[in-house]
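Pasted below: run-v1.csv, CSV, C-alpha atoms.
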```csv
chain,number,residue,atom,x,y,z
A,1,MET,CA,-220.2,137.3,-69.2
A,2,VAL,CA,-217.7,136.5,-66.4
A,3,LEU,CA,-219.9,138.3,-63.8
A,4,ALA,CA,-222.9,136.3,-64.9
A,5,ALA,CA,-221.0,133.0,-64.7
A,6,GLU,CA,-219.7,133.9,-61.2
A,7,ARG,CA,-223.2,134.8,-60.1
A,8,GLY,CA,-224.5,131.4,-61.5
A,9,ARG,CA,-221.8,129.5,-59.6
A,10,SER,CA,-222.5,131.5,-56.5
A,11,ASP,CA,-226.2,130.7,-56.7
A,12,ARG,CA,-225.5,127.0,-57.2
A,13,THR,CA,-223.2,127.0,-54.2
A,14,ARG,CA,-225.9,128.7,-52.1
A,15,ALA,CA,-228.4,126.1,-53.2
A,16,MET,CA,-226.2,123.2,-51.9
A,17,SER,CA,-226.9,121.5,-48.6
A,18,LEU,CA,-225.1,122.8,-45.5
A,19,GLU,CA,-222.6,119.9,-45.5
A,20,ASP,CA,-221.8,120.4,-49.2
A,21,ARG,CA,-221.3,124.1,-48.7
A,22,LYS,CA,-219.0,123.4,-45.7
A,23,SER,CA,-217.0,121.0,-47.8
A,24,PHE,CA,-216.9,123.4,-50.7
A,25,TYR,CA,-215.8,126.3,-48.5
A,26,ASP,CA,-213.2,124.1,-46.8
A,27,LYS,CA,-211.7,122.9,-50.0
A,28,HIS,CA,-212.0,126.0,-52.2
A,29,ARG,CA,-211.4,128.8,-49.7
A,30,ILE,CA,-209.8,127.7,-46.5
A,31,HIS,CA,-207.3,125.1,-47.8
A,32,GLU,CA,-206.4,127.4,-50.8
A,33,GLN,CA,-205.7,130.3,-48.4
A,34,ARG,CA,-203.7,128.1,-46.0
A,35,ASN,CA,-201.6,126.6,-48.8
A,36,TRP,CA,-201.0,130.1,-50.2
A,37,TYR,CA,-199.9,131.5,-46.9
A,38,ALA,CA,-197.7,128.5,-46.1
A,39,LYS,CA,-196.1,128.7,-49.6
A,40,LYS,CA,-195.4,132.5,-49.2
A,41,ALA,CA,-194.0,131.9,-45.7
A,42,GLY,CA,-191.6,129.4,-47.1
A,43,SER,CA,-190.5,131.5,-50.0
A,44,ASN,CA,-189.9,134.5,-47.8
A,45,LYS,CA,-187.9,132.5,-45.3
A,46,THR,CA,-185.8,131.1,-48.2
A,47,ALA,CA,-185.3,134.6,-49.7
A,48,SER,CA,-184.3,135.9,-46.3
A,49,ARG,CA,-181.8,133.2,-45.8
A,50,ASN,CA,-180.4,133.5,-49.3
A,51,TRP,CA,-180.0,137.3,-49.1
A,52,MET,CA,-178.4,137.1,-45.6
A,53,VAL,CA,-175.9,134.5,-46.9
A,54,ALA,CA,-175.1,136.7,-49.9
A,55,GLY,CA,-174.5,139.6,-47.5
A,56,GLY,CA,-172.3,137.5,-45.3
A,57,ILE,CA,-170.3,136.4,-48.3
A,58,ALA,CA,-169.9,140.0,-49.5
A,59,TYR,CA,-168.7,141.1,-46.0
A,60,SER,CA,-166.4,138.1,-45.8
A,61,ILE,CA,-164.8,139.0,-49.1
A,62,ALA,CA,-164.4,142.6,-47.9
A,63,ILE,CA,-162.7,141.5,-44.8
A,64,LEU,CA,-160.5,139.1,-46.8
A,65,LEU,CA,-159.5,142.0,-49.1
A,66,VAL,CA,-158.6,144.2,-46.1
A,67,LEU,CA,-156.4,141.5,-44.7
A,68,LEU,CA,-154.8,141.0,-48.1
A,69,ARG,CA,-154.2,144.7,-48.5
A,70,ILE,CA,-152.4,144.7,-45.1
A,71,ALA,CA,-150.3,141.7,-46.3
A,72,TYR,CA,-149.6,143.2,-49.7
A,73,PRO,CA,-149.5,147.0,-49.3
A,74,HIS,CA,-147.8,147.6,-52.6
A,75,HIS,CA,-150.7,146.2,-54.7
A,76,GLU,CA,-152.6,149.2,-56.0
A,77,LEU,CA,-156.1,147.8,-56.9
A,78,TRP,CA,-158.3,146.8,-53.9
A,79,PRO,CA,-162.0,146.9,-54.6
A,80,ILE,CA,-162.9,146.9,-50.9
A,81,GLU,CA,-165.2,149.9,-51.0
A,82,ALA,CA,-167.2,148.5,-53.9
A,83,ILE,CA,-167.6,145.2,-52.1
A,84,ILE,CA,-168.7,147.0,-48.9
A,85,VAL,CA,-171.3,149.0,-51.0
A,86,ILE,CA,-172.6,145.7,-52.4
A,87,ALA,CA,-172.8,144.1,-49.0
A,88,SER,CA,-174.6,147.1,-47.5
A,89,SER,CA,-177.0,147.2,-50.4
A,90,ILE,CA,-177.8,143.5,-49.8
A,91,VAL,CA,-178.5,144.3,-46.1
A,92,GLY,CA,-180.6,147.3,-47.1
A,93,TRP,CA,-182.6,145.2,-49.6
A,94,THR,CA,-183.4,142.6,-47.0
A,95,GLN,CA,-184.6,145.4,-44.7
A,96,VAL,CA,-186.8,147.0,-47.3
A,97,LYS,CA,-188.3,143.7,-48.4
A,98,LYS,CA,-188.9,142.6,-44.8
A,99,PHE,CA,-188.5,138.9,-45.7
A,100,ASN,CA,-188.3,137.7,-42.1
A,101,GLU,CA,-191.3,139.8,-41.0
A,102,LEU,CA,-193.4,138.5,-43.9
A,103,ALA,CA,-192.3,134.9,-43.3
A,104,SER,CA,-193.4,135.2,-39.6
A,105,SER,CA,-196.6,136.9,-40.5
A,106,TYR,CA,-197.5,134.4,-43.2
A,107,THR,CA,-196.6,131.5,-40.9
A,108,LEU,CA,-198.8,132.9,-38.2
A,109,THR,CA,-201.7,133.3,-40.6
A,110,ALA,CA,-201.3,129.8,-42.0
A,111,HIS,CA,-201.3,128.5,-38.4
A,112,GLU,CA,-204.4,130.5,-37.6
A,113,ILE,CA,-206.1,129.1,-40.7
A,114,GLY,CA,-205.1,125.6,-39.5
A,115,ILE,CA,-206.9,126.2,-36.3
A,116,ILE,CA,-209.9,127.4,-38.2
A,117,VAL,CA,-209.8,124.2,-40.4
A,118,GLY,CA,-210.1,122.1,-37.3
A,119,ARG,CA,-213.3,123.9,-36.2
A,120,ILE,CA,-215.3,123.5,-39.4
A,121,GLY,CA,-216.4,120.0,-38.2
A,122,GLU,CA,-218.1,121.6,-35.2
A,123,VAL,CA,-220.4,123.7,-37.4
A,124,SER,CA,-223.9,122.1,-37.5
A,125,THR,CA,-226.3,125.0,-38.3
A,126,GLU,CA,-226.7,127.7,-40.8
A,127,ALA,CA,-226.1,130.4,-38.2
A,128,GLU,CA,-222.9,128.6,-37.0
A,129,PHE,CA,-221.7,128.3,-40.6
A,130,SER,CA,-222.3,132.0,-41.2
A,131,SER,CA,-220.4,132.9,-38.1
A,132,PHE,CA,-217.6,130.5,-39.0
A,133,VAL,CA,-217.2,131.9,-42.5
A,134,ASN,CA,-217.2,135.4,-41.0
A,135,GLU,CA,-214.4,134.5,-38.6
A,136,ALA,CA,-212.4,132.8,-41.3
A,137,GLU,CA,-212.7,135.7,-43.7
A,138,GLN,CA,-211.6,138.1,-40.9
A,139,ALA,CA,-208.5,136.0,-40.4
A,140,PHE,CA,-207.7,136.3,-44.1
A,141,SER,CA,-208.6,140.0,-44.1
A,142,ARG,CA,-206.4,140.7,-41.0
A,143,GLU,CA,-203.2,139.6,-42.8
A,144,HIS,CA,-204.2,141.5,-45.9
A,145,THR,CA,-204.7,144.7,-43.9
A,146,GLN,CA,-201.3,144.2,-42.2
A,147,TRP,CA,-199.7,143.7,-45.6
A,148,VAL,CA,-201.2,146.9,-47.0
A,149,ALA,CA,-200.0,148.8,-44.0
A,150,ARG,CA,-196.5,147.4,-44.4
A,151,GLN,CA,-196.5,148.5,-48.1
A,152,GLN,CA,-197.6,152.0,-47.2
A,153,SER,CA,-194.9,152.4,-44.5
A,154,VAL,CA,-192.1,151.7,-47.1
```
Written as structure tokens, how would this file's structure read?
Amino acid sequence: MVLAAERGRSDRTRAMSLEDRKSFYDKHRIHEQRNWYAKKAGSNKTASRNWMVAGGIAYSIAILLVLLRIAYPHHELWPIEAIIVIASSIVGWTQVKKFNELASSYTLTAHEIGIIVGRIGEVSTEAEFSSFVNEAEQAFSREHTQWVARQQSV
């Protein structure tokens, strides 16, 4: 049933005028993709910053504990090694998740989509619209292909 409904909607979309299809594609594909990439770029940038702050705090605590250990050598319990393991784990996690890399990649894709958005107004024929849609979908596909490659390299 879902496939039939999708096909019906697709057929109705194809039956629209060129201007209506451009508007539909702009609103329901291009802007949705741009918003998604911009949102993901922001969330990855935030995650990167938060994990780096957490790592910095953990390393700062470790340094503080080392200094306290020097000042108070008779105290027996100093969890310095555990804190260093936590700090190193945080740094390792940020490397595995590649938050900065993803934020940059998603920001670039959102920017590229923004450029594409500006060009939809120049489309005036069916052939130009077809070429425009192909170029836009290649931009979305390029980022997805890079994401898959990053996942396989981990």
Residues near segment 89-99 of chain A, cut-off 8 Å, only C-alpha atoms, skip fewer than 2 positions along chain, as a PyMOL selection string: chain A and resi 44-45+47-48+51-52+54-55+85-87+101-103+154
Restrict the selected residues to C-alpha atoms and save them as a short mmCIF file (atom, residue, chain, number, x, y, z; two decimals), in the coordinates of the input.
```cif
data_model
loop_
_atom_site.label_atom_id
_atom_site.label_comp_id
_atom_site.auth_asym_id
_atom_site.auth_seq_id
_atom_site.Cartn_x
_atom_site.Cartn_y
_atom_site.Cartn_z
CA ASN A 44 -189.90 134.50 -47.80
CA LYS A 45 -187.90 132.50 -45.30
CA ALA A 47 -185.30 134.60 -49.70
CA SER A 48 -184.30 135.90 -46.30
CA TRP A 51 -180.00 137.30 -49.10
CA MET A 52 -178.40 137.10 -45.60
CA ALA A 54 -175.10 136.70 -49.90
CA GLY A 55 -174.50 139.60 -47.50
CA VAL A 85 -171.30 149.00 -51.00
CA ILE A 86 -172.60 145.70 -52.40
CA ALA A 87 -172.80 144.10 -49.00
CA GLU A 101 -191.30 139.80 -41.00
CA LEU A 102 -193.40 138.50 -43.90
CA ALA A 103 -192.30 134.90 -43.30
CA VAL A 154 -192.10 151.70 -47.10
#
```
Atom CA of Ser17 of chain A to atom CA of Thr125 of chain A, distance in Å rounded to a single decimal: 10.9 Å
A:Arg14, A:Arg119, A:His111, A:Arg21 ranked by distance to Gln33 of chain A, top pick (using all atoms listed in the file):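 Comparing A:Arg14, A:Arg119, A:His111, A:Arg21 against Gln33 of chain A, the winner is A:His111.
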Nearest to Ser23 of chain A by atom-to-atom distance, counting all atoms listed in the file, from A:Leu108, A:Ala149, A:Tyr72, A:Val123: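 Looking at the shortest contact to Ser23 of chain A, the residue is A:Val123.
Atom CA of Leu18 of chain A is found 11.7 Å from atom CA of Gly121 of chain A.
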Interatomic distance (Å, one decimal) between atom CA of Glu128 of chain A and atom CA of Arg34 of chain A: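 If I compute the distance from atom CA of Glu128 of chain A to atom CA of Arg34 of chain A, I get 21.2 Å.
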Non-local contacts of Glu143 of chain A (9 Å; all atoms listed in the file; under 4 positions in same chain excluded) as a list in words: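 Once the nearby chain positions are removed, what remains is Ser105, Tyr106, Thr109, Gln138, Ala139, Trp147 and Val148 of chain A.
Nearest residue to Asn134 of chain A, choosing from A:Lys40, A:Tyr25, A:Ala82, A:Asn100 and counting all atoms listed in the file: A:Tyr25.
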Shell around Ile30 of chain A at 9 Å using all atoms listed in the file, local window under 6 positions removed, as a list in words: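 Here the answer would be Ile113, Gly114, Ile116, Val117, Ala136 and Glu137 of chain A.
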Pick from A:His144, A:Trp78, A:Ile115, A:Asn35 nearest to Ile61 of chain A, counting only C-alpha atoms: A:Trp78
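Distances here use all atoms listed in the file; by that measure, the residue among A:Ala41, A:Phe24, A:Ser88, A:Leu68 closest to Ser104 of chain A is A:Ala41.
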Surrounding residues of Val66 of chain A excluding itself and chain neighbours under 6 positions, 12 Å, only C-alpha atoms, as a list in words: Tyr59, Ser60, Tyr72, Pro73, His75, Leu77, Trp78, Pro79, Ile80, Glu81, Ile83 and Ile84 of chain A
With N, CA and C atoms as the goal, would you fill in the gaps in segment 16-44 of chain A and present it as a PDB file, in the coordinates of the input?
```pdb
ATOM      1  N   MET A  16    -226.666 124.515 -52.381  1.00  0.00           N
ATOM      2  CA  MET A  16    -226.200 123.200 -51.900  1.00  0.00           C
ATOM      3  C   MET A  16    -226.639 123.036 -50.416  1.00  0.00           C
ATOM      4  N   SER A  17    -226.549 121.800 -49.980  1.00  0.00           N
ATOM      5  CA  SER A  17    -226.900 121.500 -48.600  1.00  0.00           C
ATOM      6  C   SER A  17    -225.759 122.121 -47.705  1.00  0.00           C
ATOM      7  N   LEU A  18    -226.027 122.235 -46.420  1.00  0.00           N
ATOM      8  CA  LEU A  18    -225.100 122.800 -45.500  1.00  0.00           C
ATOM      9  C   LEU A  18    -223.750 122.007 -45.516  1.00  0.00           C
ATOM     10  N   GLU A  19    -223.841 120.698 -45.495  1.00  0.00           N
ATOM     11  CA  GLU A  19    -222.600 119.900 -45.500  1.00  0.00           C
ATOM     12  C   GLU A  19    -221.825 120.058 -46.789  1.00  0.00           C
ATOM     13  N   ASP A  20    -222.521 120.169 -47.922  1.00  0.00           N
ATOM     14  CA  ASP A  20    -221.800 120.400 -49.200  1.00  0.00           C
ATOM     15  C   ASP A  20    -221.167 121.766 -49.235  1.00  0.00           C
ATOM     16  N   ARG A  21    -221.853 122.771 -48.699  1.00  0.00           N
ATOM     17  CA  ARG A  21    -221.300 124.100 -48.700  1.00  0.00           C
ATOM     18  C   ARG A  21    -220.064 124.161 -47.732  1.00  0.00           C
ATOM     19  N   LYS A  22    -220.143 123.471 -46.586  1.00  0.00           N
ATOM     20  CA  LYS A  22    -219.000 123.400 -45.700  1.00  0.00           C
ATOM     21  C   LYS A  22    -217.811 122.750 -46.397  1.00  0.00           C
ATOM     22  N   SER A  23    -218.058 121.662 -47.073  1.00  0.00           N
ATOM     23  CA  SER A  23    -217.000 121.000 -47.800  1.00  0.00           C
ATOM     24  C   SER A  23    -216.422 121.858 -48.902  1.00  0.00           C
ATOM     25  N   PHE A  24    -217.305 122.525 -49.631  1.00  0.00           N
ATOM     26  CA  PHE A  24    -216.900 123.400 -50.700  1.00  0.00           C
ATOM     27  C   PHE A  24    -216.029 124.563 -50.161  1.00  0.00           C
ATOM     28  N   TYR A  25    -216.482 125.191 -49.092  1.00  0.00           N
ATOM     29  CA  TYR A  25    -215.800 126.300 -48.500  1.00  0.00           C
ATOM     30  C   TYR A  25    -214.411 125.834 -47.934  1.00  0.00           C
ATOM     31  N   ASP A  26    -214.424 124.676 -47.302  1.00  0.00           N
ATOM     32  CA  ASP A  26    -213.200 124.100 -46.800  1.00  0.00           C
ATOM     33  C   ASP A  26    -212.164 123.884 -47.860  1.00  0.00           C
ATOM     34  N   LYS A  27    -212.588 123.258 -48.942  1.00  0.00           N
ATOM     35  CA  LYS A  27    -211.700 122.900 -50.000  1.00  0.00           C
ATOM     36  C   LYS A  27    -211.269 124.122 -50.867  1.00  0.00           C
ATOM     37  N   HIS A  28    -212.242 124.941 -51.244  1.00  0.00           N
ATOM     38  CA  HIS A  28    -212.000 126.000 -52.200  1.00  0.00           C
ATOM     39  C   HIS A  28    -211.627 127.360 -51.615  1.00  0.00           C
ATOM     40  N   ARG A  29    -211.725 127.492 -50.327  1.00  0.00           N
ATOM     41  CA  ARG A  29    -211.400 128.800 -49.700  1.00  0.00           C
ATOM     42  C   ARG A  29    -210.317 128.577 -48.629  1.00  0.00           C
ATOM     43  N   ILE A  30    -210.682 127.817 -47.618  1.00  0.00           N
ATOM     44  CA  ILE A  30    -209.800 127.700 -46.500  1.00  0.00           C
ATOM     45  C   ILE A  30    -208.488 127.013 -46.838  1.00  0.00           C
ATOM     46  N   HIS A  31    -208.558 125.849 -47.472  1.00  0.00           N
ATOM     47  CA  HIS A  31    -207.300 125.100 -47.800  1.00  0.00           C
ATOM     48  C   HIS A  31    -206.498 125.907 -48.840  1.00  0.00           C
ATOM     49  N   GLU A  32    -207.150 126.557 -49.788  1.00  0.00           N
ATOM     50  CA  GLU A  32    -206.400 127.400 -50.800  1.00  0.00           C
ATOM     51  C   GLU A  32    -205.672 128.514 -50.056  1.00  0.00           C
ATOM     52  N   GLN A  33    -206.338 129.163 -49.116  1.00  0.00           N
ATOM     53  CA  GLN A  33    -205.700 130.300 -48.400  1.00  0.00           C
ATOM     54  C   GLN A  33    -204.545 129.734 -47.527  1.00  0.00           C
ATOM     55  N   ARG A  34    -204.780 128.625 -46.845  1.00  0.00           N
ATOM     56  CA  ARG A  34    -203.700 128.100 -46.000  1.00  0.00           C
ATOM     57  C   ARG A  34    -202.505 127.682 -46.829  1.00  0.00           C
ATOM     58  N   ASN A  35    -202.739 127.026 -47.955  1.00  0.00           N
ATOM     59  CA  ASN A  35    -201.600 126.600 -48.800  1.00  0.00           C
ATOM     60  C   ASN A  35    -200.893 127.874 -49.348  1.00  0.00           C
ATOM     61  N   TRP A  36    -201.630 128.920 -49.714  1.00  0.00           N
ATOM     62  CA  TRP A  36    -201.000 130.100 -50.200  1.00  0.00           C
ATOM     63  C   TRP A  36    -200.115 130.765 -49.158  1.00  0.00           C
ATOM     64  N   TYR A  37    -200.650 130.914 -47.950  1.00  0.00           N
ATOM     65  CA  TYR A  37    -199.900 131.500 -46.900  1.00  0.00           C
ATOM     66  C   TYR A  37    -198.664 130.675 -46.500  1.00  0.00           C
ATOM     67  N   ALA A  38    -198.822 129.371 -46.447  1.00  0.00           N
ATOM     68  CA  ALA A  38    -197.700 128.500 -46.100  1.00  0.00           C
ATOM     69  C   ALA A  38    -196.621 128.585 -47.200  1.00  0.00           C
ATOM     70  N   LYS A  39    -197.037 128.608 -48.461  1.00  0.00           N
ATOM     71  CA  LYS A  39    -196.100 128.700 -49.600  1.00  0.00           C
ATOM     72  C   LYS A  39    -195.339 130.055 -49.507  1.00  0.00           C
ATOM     73  N   LYS A  40    -196.071 131.147 -49.276  1.00  0.00           N
ATOM     74  CA  LYS A  40    -195.400 132.500 -49.200  1.00  0.00           C
ATOM     75  C   LYS A  40    -194.509 132.558 -47.983  1.00  0.00           C
ATOM     76  N   ALA A  41    -194.887 131.957 -46.865  1.00  0.00           N
ATOM     77  CA  ALA A  41    -194.000 131.900 -45.700  1.00  0.00           C
ATOM     78  C   ALA A  41    -192.700 131.245 -46.019  1.00  0.00           C
ATOM     79  N   GLY A  42    -192.794 130.103 -46.682  1.00  0.00           N
ATOM     80  CA  GLY A  42    -191.600 129.400 -47.100  1.00  0.00           C
ATOM     81  C   GLY A  42    -190.716 130.126 -48.033  1.00  0.00           C
ATOM     82  N   SER A  43    -191.337 130.759 -49.028  1.00  0.00           N
ATOM     83  CA  SER A  43    -190.500 131.500 -50.000  1.00  0.00           C
ATOM     84  C   SER A  43    -189.865 132.712 -49.392  1.00  0.00           C
ATOM     85  N   ASN A  44    -190.544 133.384 -48.471  1.00  0.00           N
ATOM     86  CA  ASN A  44    -189.900 134.500 -47.800  1.00  0.00           C
ATOM     87  C   ASN A  44    -188.820 134.099 -46.852  1.00  0.00           C
TER      88      ASN A  44
END
```
